[in-house]
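**Q** Contents of coords_9.tsv (TSV, C-alpha atoms):
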```tsv
chain	number	residue	atom	x	y	z
A	1	MET	CA	85.63	106.07	122.85
A	2	ALA	CA	87.08	108.25	120.12
A	3	ARG	CA	87.84	111.82	121.10
A	4	THR	CA	85.63	114.52	119.65
A	5	ASP	CA	87.43	117.64	120.89
A	6	LYS	CA	89.37	119.60	118.27
A	7	MET	CA	93.15	119.79	118.51
A	8	ILE	CA	94.50	123.34	118.60
A	9	CYS	CA	97.67	124.19	116.69
A	10	PRO	CA	100.39	125.00	119.24
A	11	LYS	CA	101.89	127.55	116.81
A	12	CYS	CA	98.81	129.29	115.36
A	13	GLY	CA	96.14	128.69	118.00
A	14	VAL	CA	93.59	127.63	115.37
A	15	GLU	CA	91.60	124.41	115.14
A	16	MET	CA	93.43	121.63	113.36
A	17	ASN	CA	91.89	119.23	110.86
A	18	HIS	CA	91.65	115.55	111.79
A	19	HIS	CA	92.47	113.76	108.54
A	20	ALA	CA	93.96	110.37	109.40
A	21	MET	CA	94.17	107.49	111.84
A	22	LYS	CA	97.50	105.71	112.11
A	23	VAL	CA	98.78	102.77	114.09
A	24	ASP	CA	102.04	103.80	115.73
A	25	TYR	CA	104.10	100.68	116.40
A	26	GLY	CA	107.08	102.64	117.75
A	27	ALA	CA	104.92	104.23	120.43
A	28	SER	CA	103.81	100.76	121.46
A	29	LEU	CA	107.40	99.80	122.19
A	30	GLU	CA	107.70	102.81	124.46
A	31	ASN	CA	104.37	102.23	126.17
A	32	PRO	CA	103.11	98.65	125.84
A	33	GLY	CA	100.07	99.49	127.96
A	34	ALA	CA	98.78	101.72	125.17
A	35	ILE	CA	98.61	98.92	122.62
A	36	ASP	CA	95.17	98.48	121.14
A	37	PRO	CA	94.78	94.71	120.81
A	38	ALA	CA	92.59	95.11	117.72
A	39	PHE	CA	95.40	96.83	115.83
A	40	GLY	CA	98.58	95.58	117.47
A	41	GLY	CA	99.84	99.09	118.13
A	42	THR	CA	98.91	102.46	119.51
A	43	LEU	CA	96.08	104.06	117.54
A	44	LYS	CA	96.71	107.74	116.87
A	45	GLU	CA	94.84	110.57	115.21
A	46	ALA	CA	96.68	112.86	112.78
A	47	HIS	CA	95.65	116.52	112.81
A	48	THR	CA	97.02	119.22	110.50
A	49	CYS	CA	96.88	122.97	110.95
A	50	PRO	CA	95.21	124.76	108.00
A	51	GLU	CA	97.34	127.85	108.67
A	52	CYS	CA	100.91	126.56	109.00
A	53	GLY	CA	100.54	122.96	107.77
A	54	MET	CA	102.01	121.40	110.92
A	55	THR	CA	100.81	117.90	111.76
A	56	GLU	CA	100.42	116.54	115.28
A	57	LEU	CA	99.48	113.08	116.51
A	58	ARG	CA	97.49	112.23	119.61
A	59	GLU	CA	96.23	109.00	121.05
A	60	ASN	CA	92.72	108.08	120.03
A	61	GLY	CA	90.44	107.62	123.01
B	1	MET	CA	96.84	128.55	103.47
B	2	GLU	CA	96.74	127.06	100.01
B	3	ASN	CA	98.49	129.97	98.32
B	4	ARG	CA	101.87	129.24	99.89
B	5	PRO	CA	104.35	127.50	97.57
B	6	LEU	CA	104.61	123.75	97.65
B	7	PHE	CA	107.72	122.42	99.33
B	8	ILE	CA	109.10	119.24	97.80
B	9	PRO	CA	112.58	118.27	99.01
B	10	VAL	CA	114.71	115.70	97.20
B	11	ILE	CA	116.42	112.98	99.24
B	12	LEU	CA	119.65	111.42	98.01
B	13	GLY	CA	119.27	107.98	99.53
B	14	THR	CA	122.80	106.61	99.69
B	15	ALA	CA	126.01	107.56	101.43
B	16	ARG	CA	128.35	105.27	99.48
B	17	LYS	CA	131.56	106.53	97.93
B	18	GLY	CA	131.34	106.81	94.15
B	19	ARG	CA	127.55	106.81	94.26
B	20	ALA	CA	126.07	107.15	90.79
B	21	SER	CA	122.83	108.39	92.34
B	22	GLU	CA	124.45	111.73	93.14
B	23	ASN	CA	124.35	112.96	89.55
B	24	VAL	CA	120.81	111.68	89.14
B	25	THR	CA	119.78	113.53	92.29
B	26	LYS	CA	121.31	116.78	91.03
B	27	PHE	CA	119.44	116.41	87.75
B	28	VAL	CA	116.12	115.73	89.49
B	29	PHE	CA	116.73	118.51	92.01
B	30	ASN	CA	117.33	120.99	89.17
B	31	GLU	CA	114.12	119.88	87.49
B	32	VAL	CA	112.15	120.41	90.72
B	33	GLN	CA	113.75	123.85	91.10
B	34	ARG	CA	112.49	124.78	87.64
B	35	ARG	CA	108.86	124.13	88.63
B	36	GLU	CA	106.89	127.29	89.22
B	37	GLY	CA	105.30	127.46	92.66
B	38	VAL	CA	107.55	124.77	94.09
B	39	GLU	CA	110.35	125.22	96.60
B	40	THR	CA	112.83	122.45	97.21
B	41	GLU	CA	115.91	121.44	99.14
B	42	LEU	CA	118.44	118.67	98.61
B	43	ILE	CA	118.80	116.30	101.54
B	44	ASP	CA	121.93	114.16	101.36
B	45	ILE	CA	121.68	111.32	103.88
B	46	ARG	CA	125.49	111.23	103.99
B	47	GLU	CA	125.32	114.55	105.83
B	48	LEU	CA	122.85	113.32	108.43
B	49	ALA	CA	124.69	111.90	111.39
B	50	PHE	CA	122.18	109.40	112.70
B	51	PRO	CA	123.41	107.07	115.45
B	52	ILE	CA	123.17	103.36	114.70
B	53	ASP	CA	122.75	102.10	118.26
B	54	ASP	CA	119.05	102.97	118.25
B	55	ALA	CA	116.36	103.59	115.67
B	56	GLY	CA	113.03	105.18	114.89
B	57	GLU	CA	111.82	108.34	116.54
B	58	GLN	CA	114.36	107.90	119.36
B	59	ILE	CA	117.04	109.23	117.00
B	60	LYS	CA	115.15	112.10	115.40
B	61	ASP	CA	117.34	114.78	113.82
B	62	ALA	CA	115.65	118.13	114.53
B	63	LYS	CA	116.63	119.75	111.23
B	64	PHE	CA	115.71	116.76	109.11
B	65	SER	CA	112.37	116.36	110.90
B	66	ALA	CA	111.59	120.06	110.49
B	67	THR	CA	112.29	119.81	106.77
B	68	ILE	CA	110.00	116.81	106.38
B	69	GLU	CA	107.38	118.51	108.55
B	70	ARG	CA	107.37	121.48	106.17
B	71	ALA	CA	107.25	119.27	103.08
B	72	ASP	CA	104.12	118.74	101.00
B	73	GLY	CA	105.77	116.01	98.97
B	74	LEU	CA	109.05	114.15	98.68
B	75	VAL	CA	111.28	112.83	95.95
B	76	ILE	CA	113.45	109.90	96.99
B	77	VAL	CA	116.38	109.00	94.75
B	78	THR	CA	117.54	105.53	95.63
B	79	PRO	CA	120.09	103.19	94.14
B	80	GLU	CA	119.32	99.52	93.77
B	81	TYR	CA	121.76	97.47	95.86
B	82	ASN	CA	121.21	93.71	95.45
B	83	HIS	CA	117.62	94.45	94.42
B	84	GLY	CA	117.01	96.40	97.64
B	85	TYR	CA	117.27	99.89	99.10
B	86	PRO	CA	120.21	101.11	101.17
B	87	GLY	CA	119.86	100.22	104.85
B	88	LEU	CA	120.87	103.75	105.78
B	89	LEU	CA	117.98	105.18	103.76
B	90	LYS	CA	115.53	103.02	105.72
B	91	HIS	CA	117.21	104.02	108.98
B	92	VAL	CA	116.80	107.71	108.11
B	93	LEU	CA	113.20	107.38	106.90
B	94	ASP	CA	112.21	105.48	110.06
B	95	SER	CA	113.16	108.44	112.25
B	96	ASN	CA	109.88	110.25	111.49
B	97	LEU	CA	106.20	109.38	111.44
B	98	LYS	CA	103.77	112.28	111.93
B	99	GLU	CA	105.80	114.31	109.46
B	100	TYR	CA	104.85	111.97	106.58
B	101	ILE	CA	101.15	111.37	107.03
B	102	HIS	CA	99.10	111.99	103.87
B	103	LYS	CA	102.01	113.53	101.97
B	104	ALA	CA	102.95	112.61	98.42
B	105	VAL	CA	106.11	110.77	97.48
B	106	GLY	CA	107.73	109.80	94.21
B	107	VAL	CA	110.70	107.47	93.83
B	108	CYS	CA	113.55	107.60	91.33
B	109	GLY	CA	115.39	104.31	91.00
B	110	VAL	CA	119.01	104.17	89.91
B	111	SER	CA	120.67	100.99	88.71
B	112	ALA	CA	123.80	99.87	86.93
B	113	GLY	CA	121.75	97.42	84.89
B	114	GLY	CA	118.98	97.97	82.43
B	115	PHE	CA	115.86	98.07	84.59
B	116	GLY	CA	116.13	101.57	86.01
B	117	GLY	CA	115.86	100.54	89.65
B	118	VAL	CA	112.37	99.07	89.25
B	119	ARG	CA	113.08	96.37	91.83
B	120	VAL	CA	114.21	98.79	94.51
B	121	ILE	CA	111.20	100.98	93.82
B	122	GLU	CA	108.84	98.04	94.21
B	123	ASN	CA	110.59	97.05	97.43
B	124	LEU	CA	110.43	100.57	98.84
B	125	LEU	CA	106.73	101.18	98.15
B	126	PRO	CA	105.33	99.15	101.09
B	127	VAL	CA	107.72	100.91	103.46
B	128	LEU	CA	106.58	104.33	102.26
B	129	ARG	CA	102.95	103.29	102.55
B	130	GLU	CA	103.40	102.16	106.14
B	131	LEU	CA	105.07	105.46	107.00
B	132	GLY	CA	101.87	107.20	105.94
B	133	LEU	CA	103.11	108.57	102.63
B	134	VAL	CA	101.03	108.40	99.45
B	135	THR	CA	102.94	107.10	96.47
B	136	ILE	CA	102.40	108.41	92.96
B	137	PHE	CA	102.15	106.08	89.95
B	138	TRP	CA	104.97	107.65	87.94
B	139	ASP	CA	108.54	106.64	88.78
B	140	GLY	CA	111.92	107.95	87.73
B	141	ASN	CA	113.98	105.17	86.15
B	142	PHE	CA	117.70	105.63	85.53
B	143	SER	CA	119.38	102.63	83.94
B	144	GLY	CA	123.08	102.15	83.25
B	145	ALA	CA	123.85	104.75	85.86
B	146	GLN	CA	127.62	104.78	85.35
B	147	LYS	CA	127.17	105.77	81.68
B	148	LEU	CA	124.33	108.26	82.00
B	149	PHE	CA	126.53	111.28	82.63
B	150	ASP	CA	129.73	112.71	81.17
B	151	GLU	CA	132.80	113.39	83.31
B	152	ASN	CA	131.37	116.78	84.27
B	153	GLY	CA	128.13	115.31	85.54
B	154	ASN	CA	126.06	116.35	82.52
B	155	LEU	CA	123.24	114.03	81.57
B	156	LEU	CA	123.94	112.61	78.10
B	157	ASP	CA	120.41	111.83	76.94
B	158	ARG	CA	118.91	114.88	78.53
B	159	ALA	CA	115.87	115.24	76.27
B	160	THR	CA	114.53	111.78	77.06
B	161	HIS	CA	114.99	112.10	80.79
B	162	GLU	CA	113.55	115.60	80.87
B	163	ARG	CA	110.38	114.35	79.20
B	164	ARG	CA	110.08	111.48	81.64
B	165	ILE	CA	110.81	113.49	84.77
B	166	ASP	CA	108.35	116.14	83.62
B	167	LYS	CA	105.55	113.57	83.80
B	168	PHE	CA	106.82	112.29	87.15
B	169	LEU	CA	106.89	115.80	88.65
B	170	GLY	CA	103.55	116.72	87.12
B	171	GLU	CA	101.93	113.88	88.99
B	172	LEU	CA	103.86	114.59	92.19
B	173	VAL	CA	102.91	118.27	92.22
B	174	TRP	CA	99.25	117.46	91.60
B	175	MET	CA	99.24	114.87	94.38
B	176	SER	CA	101.08	117.23	96.74
B	177	LYS	CA	98.53	119.99	96.16
B	178	THR	CA	95.60	117.63	96.51
B	179	LEU	CA	96.87	116.04	99.70
B	180	ARG	CA	97.71	119.40	101.24
B	181	HIS	CA	94.11	120.47	100.61
B	182	GLY	CA	92.91	117.23	102.16
B	183	ARG	CA	95.17	117.42	105.21
B	184	GLU	CA	94.13	120.95	105.96
B	185	ASN	CA	90.46	120.92	105.00
B	186	ILE	CA	88.87	117.49	104.71
B	187	SER	CA	88.01	115.80	108.00
B	188	MET	CA	87.56	112.11	108.65
```
Rewrite the structure of this file - the entire thing - as structure tokens.

**A**
Amino acid sequence: MARTDKMICPKCGVEMNHHAMKVDYGASLENPGAIDPAFGGTLKEAHTCPECGMTELRENG
Amino acid sequence: MENRPLFIPVILGTARKGRASENVTKFVFNEVQRREGVETELIDIRELAFPIDDAGEQIKDAKFSATIERADGLVIVTPEYNHGYPGLLKHVLDSNLKEYIHKAVGVCGVSAGGFGGVRVIENLLPVLRELGLVTIFWDGNFSGAQKLFDENGNLLDRATHERRIDKFLGELVWMSKTLRHGRENISM
């Protein structure tokens, strides 16, 4: 299940914007258990803060 | 905050001695500096001391990552070595991921021959795409690199290259603005 809660910018404290999904192959090397077999890597959401522009990734689901 | 200036650093993608790409990078960097509403910084990969006994995000350089994090777009100046890009450039680029996602990138190819680095640009595009960057359709092409500049590093055919880089930067600035708006405001 995809997450629906908003990420909060650790710098600004405002809601970040979820604008991308990305397969992180490097993270899969670190944590093979997190590999999504459909994608061959760890599926991550990219969120960017509208105030400071910082981007954070988090695992999807 | 869409009123803050765009930040578009320029990466000099080779550490070799006698690199002809250095003069090209200075020229491009100066052209970016001249753009209103754009801030820039020159990143020389020779000055980044990345270890070579590991790779990827395990070897992140805090300053380099912070610069890319702040960036809205990137210019990469790369020489063409045996039709490919420098291994060190790939090593450096691979050290980040989240910092690149949905940001614009333009590539300037530098070659000794007459094709302006088109082969290295074509080879680099799929790497940039996988990193999450969005490539523009204009390139910078610098052929005959050893004869492009005088002994003081002045570009000899300045007018031609200024016209070409103006189009390249026009597209890069537009894409950087557009993607910033998208990253910050348009949800999936």

**Q** Separation of atom CA of Asp44 of chain B and atom CA of Gly109 of chain B, in Å?

**A**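 It comes out at 15.7 Å.
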
**Q** Measuring atom to atom with all atoms listed in the file, identify which of A:Gly26, A:Pro37, A:Pro10, A:Pro32 is nearest to chain B.

**A**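 Once distances to chain B are computed over all atoms listed in the file, the minimum belongs to A:Gly26.
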
**Q** Kindly indicate which residue among B:Thr25, B:Ser143, B:Ser187, B:Thr160 lies nearest to chain A, using all atoms listed in the file for the distances.

**A** B:Ser187

**Q** With a distance threshold of 6 Å and counting only C-alpha atoms, extract the residues of chain B near chain A and express them as JSON, numbers by chain.

**A** {"B": [1, 183, 184, 187, 188]}

**Q** Using only C-alpha atoms, please write the residues we just selected to a file, as a PDB file, in the coordinates of the input.

**A**
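Wrote out34.pdb, looks like this:
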```pdb
ATOM      1  CA  MET B   1      96.840 128.550 103.470  1.00  0.00           C
ATOM      2  CA  ARG B 183      95.170 117.420 105.210  1.00  0.00           C
ATOM      3  CA  GLU B 184      94.130 120.950 105.960  1.00  0.00           C
ATOM      4  CA  SER B 187      88.010 115.800 108.000  1.00  0.00           C
ATOM      5  CA  MET B 188      87.560 112.110 108.650  1.00  0.00           C
TER       6      MET B 188
END
```

**Q** For atom CA of His102 of chain B and atom CA of Leu131 of chain B, quote the distance in Å rounded to one decimal.

**A**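 Answer for the atom CA of His102 of chain B to atom CA of Leu131 of chain B separation: 9.4 Å.
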
**Q** Can you pull out the residues contacting Lys103 of chain B? Cut-off 12 Å, using all atoms listed in the file, and skip same-chain residues under 5 positions away; I want them as a ChimeraX atom specification.

**A** /A:19-20,48,53-55 /B:6-9,68-75,97-98,128-129,131-136,172-184

**Q** Rounded to one decimal, what separation in Å do you get between atom CA of Val24 of chain B and atom CA of Ile45 of chain B?

**A**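 Atom CA of Ile45 of chain B lies 14.8 Å from atom CA of Val24 of chain B.
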
**Q** What's the 9 Å shell around Leu155 of chain B, counting only C-alpha atoms, without same-chain residues fewer than 4 positions away, as a PyMOL selection string?

**A** chain B and resi 23-24+27+148-150+161

**Q** Some atoms are absent from segment 47-61 of chain A, so rebuild N, CA and C atoms and return them as a compact mmCIF listing (two decimals), keeping the file's coordinate frame.

**A**
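And here's part_12.txt as it stands now:
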```txt
# COMPACT_ATOMS: atom_id res chain seq x y z
N HIS A 47 96.32 115.23 112.99
CA HIS A 47 95.65 116.52 112.81
C HIS A 47 96.62 117.49 112.16
N THR A 48 96.15 118.24 111.17
CA THR A 48 97.02 119.22 110.50
C THR A 48 96.42 120.61 110.60
N CYS A 49 97.30 121.57 110.82
CA CYS A 49 96.88 122.97 110.95
C CYS A 49 96.65 123.57 109.56
N PRO A 50 95.48 124.16 109.32
CA PRO A 50 95.21 124.76 108.00
C PRO A 50 95.99 126.06 107.77
N GLU A 51 96.58 126.61 108.83
CA GLU A 51 97.34 127.85 108.67
C GLU A 51 98.81 127.59 108.35
N CYS A 52 99.45 126.76 109.17
CA CYS A 52 100.91 126.56 109.00
C CYS A 52 101.25 125.19 108.42
N GLY A 53 100.29 124.27 108.36
CA GLY A 53 100.54 122.96 107.77
C GLY A 53 101.16 121.95 108.72
N MET A 54 101.39 122.33 109.97
CA MET A 54 102.01 121.40 110.92
C MET A 54 101.04 120.27 111.27
N THR A 55 101.60 119.08 111.39
CA THR A 55 100.81 117.90 111.76
C THR A 55 101.20 117.44 113.16
N GLU A 56 100.19 117.09 113.94
CA GLU A 56 100.42 116.54 115.28
C GLU A 56 99.63 115.24 115.41
N LEU A 57 100.18 114.32 116.20
CA LEU A 57 99.48 113.08 116.51
C LEU A 57 99.00 113.12 117.96
N ARG A 58 97.89 112.45 118.22
CA ARG A 58 97.49 112.23 119.61
C ARG A 58 96.80 110.87 119.69
N GLU A 59 96.86 110.30 120.88
CA GLU A 59 96.23 109.00 121.05
C GLU A 59 94.73 109.12 120.88
N ASN A 60 94.15 108.09 120.30
CA ASN A 60 92.72 108.08 120.03
C ASN A 60 92.00 107.42 121.19
N GLY A 61 91.21 108.18 121.91
CA GLY A 61 90.44 107.62 123.01
C GLY A 61 91.19 107.61 124.31
```
